[in-house]
Amino acid sequence: MADETRVADETRVAPETRVADETRVADETRVADETRVAPETGRSAAPALAALAQQAASCTACALAAGRTQVVFGVGDPDADLVFVGEGPGREEDLRGEPFVGRSGQLLDRLMAEELGIDRSRCYIANVVKCRPPDNRDPLPGEIEACRPYLEAQLDLVHPVVVVTLGNFATRLLLGTDRGVTSLRGAAYPFRDGSLVPTFHPAAALRGGGSVVAQMRADLVRAKALLGWSA
Ligand code: URA
């Protein structure tokens, strides 16, 4: 895991996208509602996503291919309104072929249930890199770039209303910034046809304890409002 508390100096997230919290949630909700197209197509992304997963299963685009047990492509509802994006598979995920099934995943499942009222079958979960980095090291820039087309294609196909990025790697990649999640979280950002809500990686919450978990909960509540799932 990268240092979750690092705040990089360079900012490519347009400051004008950062408005007061309450306003932002309302605006983002409107944008998502007006522009979402997936339901109108009337077609499920499932077949195309399955074909892409099959293609990824034999990928050798970077050196991570040599050390993997299997490609951990993604899991969940191919037509979900909500997508979580993590960093990369760990040991458990590499063995089981599913994202977030270790300790971090257990925390993610719990927060999903408690704050959103859903289980993982109601969202889609993917990672920045689909193969386990050795010894759980951070993914390298070349590995992230090599794997990026898979993530972009997953987002194209699922076409979610809200993407929740878990930790620095997913947040920086998808927002195109060098800033860290600590300074970016607490807000929603326009992303594709919807919104992106950055939050901590659950591994950071396992290390950081109650205050980090509380901030993750608040971020999920923000995502819930953007999805129109709030009571
Ligand atoms: N951490 C991640 O970023 N992704 C996983 O799938 C598991 C742990």
# chains A, B, ... in the order shown; residues from 1 in each chain; ligands from 1
$ residues_near_ligand --ligand "ligand 1" --cutoff "6 Å" --atoms "only C-alpha atoms and all ligand atoms" --output "list in words"
Gly86, Glu87, Gly88, Pro89, Gly90, Glu93, Pro99, Phe100, Ser104 and Asn127 of chain A
$ write_last_selection --atoms "C-alpha atoms" --output "PDB file, in the first residue's frame"
ATOM      1  CA  GLY A  86      -9.260  -0.839  -5.496  1.00  0.00           C
ATOM      2  CA  GLU A  87      -5.534  -1.146  -6.038  1.00  0.00           C
ATOM      3  CA  GLY A  88      -4.668  -4.720  -6.920  1.00  0.00           C
ATOM      4  CA  PRO A  89      -5.181  -8.276  -5.730  1.00  0.00           C
ATOM      5  CA  GLY A  90      -3.466  -9.531  -2.606  1.00  0.00           C
ATOM      6  CA  GLU A  93      -7.569 -12.560  -4.111  1.00  0.00           C
ATOM      7  CA  PRO A  99     -11.316  -8.881  -5.621  1.00  0.00           C
ATOM      8  CA  PHE A 100     -11.465  -7.937  -1.950  1.00  0.00           C
ATOM      9  CA  SER A 104      -9.741  -5.540   3.562  1.00  0.00           C
ATOM     10  CA  ASN A 127      -8.920  -3.118  -9.264  1.00  0.00           C
TER      11      ASN A 127
END
$ residues_around --residues "A:Asp135" --least-positions-apart "4" --cutoff "12 Å" --atoms "only C-alpha atoms" --output "ChimeraX atom specification"
/A:1,64,67-68,88-91,94,139
$ write_last_selection --atoms "C-alpha atoms" --output "compact mmCIF listing (two decimals), in the first residue's frame"
# COMPACT_ATOMS: atom_id res chain seq x y z
CA MET A 1 0.00 0.00 0.00
CA LEU A 64 2.91 -9.29 -13.12
CA GLY A 67 3.81 -14.29 -10.75
CA ARG A 68 0.05 -14.59 -10.69
CA GLY A 88 -4.67 -4.72 -6.92
CA PRO A 89 -5.18 -8.28 -5.73
CA GLY A 90 -3.47 -9.53 -2.61
CA ARG A 91 -2.66 -13.14 -1.73
CA ASP A 94 -4.85 -14.13 -6.26
CA PRO A 139 1.90 -1.56 -8.56
$ select_by_dssp --residues "stretch 68-162 of chain A" --states "helix (DSSP H, G or I)" --output "ChimeraX atom specification"
/A:91-96,103-116,120-122,134-136,141-158
$ write_last_selection --atoms "N, CA and C atoms" --output "short mmCIF file (atom, residue, chain, number, x, y, z; two decimals), in the first residue's frame"
data_model
loop_
_atom_site.label_atom_id
_atom_site.label_comp_id
_atom_site.auth_asym_id
_atom_site.auth_seq_id
_atom_site.Cartn_x
_atom_site.Cartn_y
_atom_site.Cartn_z
N ARG A 91 -2.86 -11.68 -1.68
CA ARG A 91 -2.66 -13.14 -1.73
C ARG A 91 -4.00 -13.89 -1.84
N GLU A 92 -4.94 -13.52 -0.97
CA GLU A 92 -6.25 -14.20 -0.97
C GLU A 92 -6.94 -14.06 -2.32
N GLU A 93 -6.88 -12.84 -2.84
CA GLU A 93 -7.57 -12.56 -4.11
C GLU A 93 -6.92 -13.34 -5.25
N ASP A 94 -5.60 -13.40 -5.24
CA ASP A 94 -4.85 -14.13 -6.26
C ASP A 94 -5.24 -15.62 -6.24
N LEU A 95 -5.43 -16.14 -5.04
CA LEU A 95 -5.79 -17.57 -4.92
C LEU A 95 -7.24 -17.82 -5.32
N ARG A 96 -8.12 -16.90 -4.93
CA ARG A 96 -9.56 -17.14 -5.16
C ARG A 96 -10.09 -16.53 -6.45
N ARG A 103 -8.93 -9.60 4.38
CA ARG A 103 -9.36 -8.78 5.52
C ARG A 103 -9.90 -7.43 5.07
N SER A 104 -9.25 -6.83 4.08
CA SER A 104 -9.74 -5.54 3.56
C SER A 104 -11.14 -5.70 2.99
N GLY A 105 -11.33 -6.81 2.30
CA GLY A 105 -12.63 -7.08 1.68
C GLY A 105 -13.72 -7.29 2.71
N GLN A 106 -13.35 -7.92 3.82
CA GLN A 106 -14.36 -8.12 4.88
C GLN A 106 -14.83 -6.78 5.43
N LEU A 107 -13.87 -5.85 5.59
CA LEU A 107 -14.26 -4.52 6.06
C LEU A 107 -15.11 -3.81 5.01
N LEU A 108 -14.70 -3.93 3.76
CA LEU A 108 -15.48 -3.30 2.69
C LEU A 108 -16.92 -3.85 2.66
N ASP A 109 -17.04 -5.16 2.77
CA ASP A 109 -18.38 -5.78 2.79
C ASP A 109 -19.22 -5.24 3.95
N ARG A 110 -18.57 -5.09 5.11
CA ARG A 110 -19.31 -4.64 6.30
C ARG A 110 -19.78 -3.19 6.11
N LEU A 111 -18.89 -2.34 5.60
CA LEU A 111 -19.26 -0.93 5.41
C LEU A 111 -20.33 -0.79 4.34
N MET A 112 -20.21 -1.62 3.31
CA MET A 112 -21.23 -1.63 2.24
C MET A 112 -22.60 -1.98 2.82
N ALA A 113 -22.63 -3.00 3.65
CA ALA A 113 -23.90 -3.44 4.25
C ALA A 113 -24.44 -2.38 5.19
N GLU A 114 -23.56 -1.83 6.03
CA GLU A 114 -24.03 -0.92 7.07
C GLU A 114 -24.38 0.46 6.54
N GLU A 115 -23.66 0.94 5.56
CA GLU A 115 -23.90 2.31 5.07
C GLU A 115 -24.75 2.36 3.81
N LEU A 116 -24.67 1.33 2.99
CA LEU A 116 -25.42 1.34 1.72
C LEU A 116 -26.57 0.35 1.71
N ARG A 120 -22.18 -7.37 -2.03
CA ARG A 120 -21.35 -7.14 -3.22
C ARG A 120 -22.02 -7.55 -4.53
N SER A 121 -23.08 -8.30 -4.46
CA SER A 121 -23.77 -8.68 -5.70
C SER A 121 -24.52 -7.49 -6.32
N ARG A 122 -24.70 -6.42 -5.53
CA ARG A 122 -25.45 -5.25 -6.01
C ARG A 122 -24.56 -4.16 -6.59
N PRO A 134 4.08 -8.83 -6.55
CA PRO A 134 4.79 -9.71 -5.62
C PRO A 134 4.95 -9.06 -4.25
N ASP A 135 4.78 -9.89 -3.22
CA ASP A 135 4.93 -9.43 -1.82
C ASP A 135 4.05 -8.23 -1.50
N ASN A 136 2.95 -8.12 -2.20
CA ASN A 136 2.00 -7.02 -1.97
C ASN A 136 2.64 -5.64 -2.12
N PRO A 141 4.25 2.10 -12.19
CA PRO A 141 3.57 2.90 -13.22
C PRO A 141 3.34 2.13 -14.52
N GLY A 142 4.34 1.37 -14.98
CA GLY A 142 4.18 0.62 -16.23
C GLY A 142 3.11 -0.46 -16.13
N GLU A 143 2.99 -1.06 -14.95
CA GLU A 143 1.96 -2.09 -14.73
C GLU A 143 0.57 -1.45 -14.73
N ILE A 144 0.48 -0.29 -14.11
CA ILE A 144 -0.81 0.43 -14.07
C ILE A 144 -1.24 0.81 -15.48
N GLU A 145 -0.30 1.32 -16.26
CA GLU A 145 -0.63 1.73 -17.64
C GLU A 145 -1.00 0.52 -18.50
N ALA A 146 -0.27 -0.59 -18.30
CA ALA A 146 -0.55 -1.79 -19.09
C ALA A 146 -1.96 -2.31 -18.80
N CYS A 147 -2.40 -2.17 -17.57
CA CYS A 147 -3.70 -2.72 -17.16
C CYS A 147 -4.84 -1.72 -17.35
N ARG A 148 -4.50 -0.48 -17.53
CA ARG A 148 -5.50 0.58 -17.59
C ARG A 148 -6.62 0.33 -18.62
N PRO A 149 -6.30 -0.17 -19.82
CA PRO A 149 -7.39 -0.39 -20.79
C PRO A 149 -8.47 -1.34 -20.28
N TYR A 150 -8.08 -2.30 -19.45
CA TYR A 150 -9.10 -3.20 -18.89
C TYR A 150 -10.04 -2.45 -17.95
N LEU A 151 -9.46 -1.61 -17.10
CA LEU A 151 -10.31 -0.86 -16.18
C LEU A 151 -11.20 0.12 -16.93
N GLU A 152 -10.62 0.80 -17.92
CA GLU A 152 -11.43 1.75 -18.70
C GLU A 152 -12.57 1.02 -19.40
N ALA A 153 -12.27 -0.17 -19.94
CA ALA A 153 -13.32 -0.94 -20.63
C ALA A 153 -14.38 -1.42 -19.64
N GLN A 154 -13.96 -1.81 -18.45
CA GLN A 154 -14.95 -2.21 -17.44
C GLN A 154 -15.89 -1.05 -17.12
N LEU A 155 -15.32 0.15 -17.00
CA LEU A 155 -16.15 1.32 -16.68
C LEU A 155 -17.04 1.69 -17.87
N ASP A 156 -16.50 1.54 -19.08
CA ASP A 156 -17.32 1.78 -20.28
C ASP A 156 -18.54 0.86 -20.27
N LEU A 157 -18.31 -0.41 -19.97
CA LEU A 157 -19.37 -1.41 -20.09
C LEU A 157 -20.38 -1.33 -18.94
N VAL A 158 -19.87 -1.24 -17.73
CA VAL A 158 -20.79 -1.19 -16.57
C VAL A 158 -21.53 0.14 -16.55
#
$ atom_distance --atom1 "atom CA of A:Tyr124" --atom2 "atom CA of A:Leu166"
13.2 Å
$ atom_distance --atom1 "atom CA of A:Cys131" --atom2 "atom CA of A:Val72"
6.1 Å
$ select_by_dssp --residues "stretch 52-154 of chain A" --states "strand (DSSP E or B)" --output "list of chain:residue names"
A:Val75, A:Gly76, A:Leu82, A:Val83, A:Phe84, A:Val85, A:Gly86, A:Tyr124, A:Ile125, A:Ala126, A:Asn127
$ write_last_selection --atoms "N, CA and C atoms" --output "PDB file, in the first residue's frame"
ATOM      1  N   VAL A  75     -15.766  -8.450 -10.101  1.00  0.00           N
ATOM      2  CA  VAL A  75     -16.886  -9.268  -9.632  1.00  0.00           C
ATOM      3  C   VAL A  75     -18.098  -8.380  -9.410  1.00  0.00           C
ATOM      4  N   GLY A  76     -19.268  -8.974  -9.542  1.00  0.00           N
ATOM      5  CA  GLY A  76     -20.487  -8.255  -9.188  1.00  0.00           C
ATOM      6  C   GLY A  76     -21.451  -8.112 -10.339  1.00  0.00           C
ATOM      7  N   LEU A  82     -23.174   1.296  -9.125  1.00  0.00           N
ATOM      8  CA  LEU A  82     -22.050   1.628  -8.243  1.00  0.00           C
ATOM      9  C   LEU A  82     -20.876   0.697  -8.521  1.00  0.00           C
ATOM     10  N   VAL A  83     -19.716   1.299  -8.738  1.00  0.00           N
ATOM     11  CA  VAL A  83     -18.480   0.520  -8.936  1.00  0.00           C
ATOM     12  C   VAL A  83     -17.446   0.949  -7.898  1.00  0.00           C
ATOM     13  N   PHE A  84     -16.828  -0.026  -7.252  1.00  0.00           N
ATOM     14  CA  PHE A  84     -15.677   0.226  -6.389  1.00  0.00           C
ATOM     15  C   PHE A  84     -14.413  -0.137  -7.171  1.00  0.00           C
ATOM     16  N   VAL A  85     -13.396   0.704  -7.046  1.00  0.00           N
ATOM     17  CA  VAL A  85     -12.105   0.398  -7.687  1.00  0.00           C
ATOM     18  C   VAL A  85     -11.006   0.421  -6.623  1.00  0.00           C
ATOM     19  N   GLY A  86     -10.369  -0.727  -6.442  1.00  0.00           N
ATOM     20  CA  GLY A  86      -9.260  -0.839  -5.496  1.00  0.00           C
ATOM     21  C   GLY A  86      -7.927  -0.778  -6.211  1.00  0.00           C
ATOM     22  N   TYR A 124     -20.356  -3.459  -8.553  1.00  0.00           N
ATOM     23  CA  TYR A 124     -19.284  -4.122  -9.289  1.00  0.00           C
ATOM     24  C   TYR A 124     -17.966  -3.700  -8.643  1.00  0.00           C
ATOM     25  N   ILE A 125     -17.053  -4.644  -8.496  1.00  0.00           N
ATOM     26  CA  ILE A 125     -15.776  -4.362  -7.830  1.00  0.00           C
ATOM     27  C   ILE A 125     -14.626  -4.746  -8.757  1.00  0.00           C
ATOM     28  N   ALA A 126     -13.708  -3.807  -8.944  1.00  0.00           N
ATOM     29  CA  ALA A 126     -12.542  -4.060  -9.801  1.00  0.00           C
ATOM     30  C   ALA A 126     -11.306  -3.441  -9.150  1.00  0.00           C
ATOM     31  N   ASN A 127     -10.178  -3.680  -9.753  1.00  0.00           N
ATOM     32  CA  ASN A 127      -8.920  -3.118  -9.264  1.00  0.00           C
ATOM     33  C   ASN A 127      -8.185  -2.397 -10.385  1.00  0.00           C
TER      34      ASN A 127
END
$ closest_atom_pairs --of "stretch 133-165 of chain A" --to "stretch 209-224 of chain A" --cutoff "12 Å" --atoms "only C-alpha atoms" --output "tab-separated table"
residue	atom	partner	partner_atom	distance
A:Pro160	CA	A:Ala223	CA	11.7
A:Val161	CA	A:Ala223	CA	9.5
A:Val162	CA	A:Ala223	CA	6.7
A:Val163	CA	A:Ala223	CA	8.3
A:Val164	CA	A:Ala223	CA	7.4
A:Thr165	CA	A:Asp219	CA	10.2
$ write_last_selection --atoms "C-alpha atoms" --output "tab-separated table (two decimals), in the first residue's frame"
chain	number	residue	atom	x	y	z
A	160	PRO	CA	-22.00	3.27	-13.34
A	161	VAL	CA	-23.57	6.38	-11.86
A	162	VAL	CA	-20.98	6.48	-9.08
A	163	VAL	CA	-17.42	5.19	-8.87
A	164	VAL	CA	-15.92	4.91	-5.37
A	165	THR	CA	-12.13	4.81	-5.53
$ closest_residue --among "A:Ala170, A:Val129, A:Ala50, A:Leu206" --to "A:Ala63" --atoms "only C-alpha atoms"
A:Val129
$ closest_residue --among "A:Gly97, A:Gly117, A:Gly42, A:Pro198" --to "A:Arg172" --atoms "only C-alpha atoms"
A:Pro198
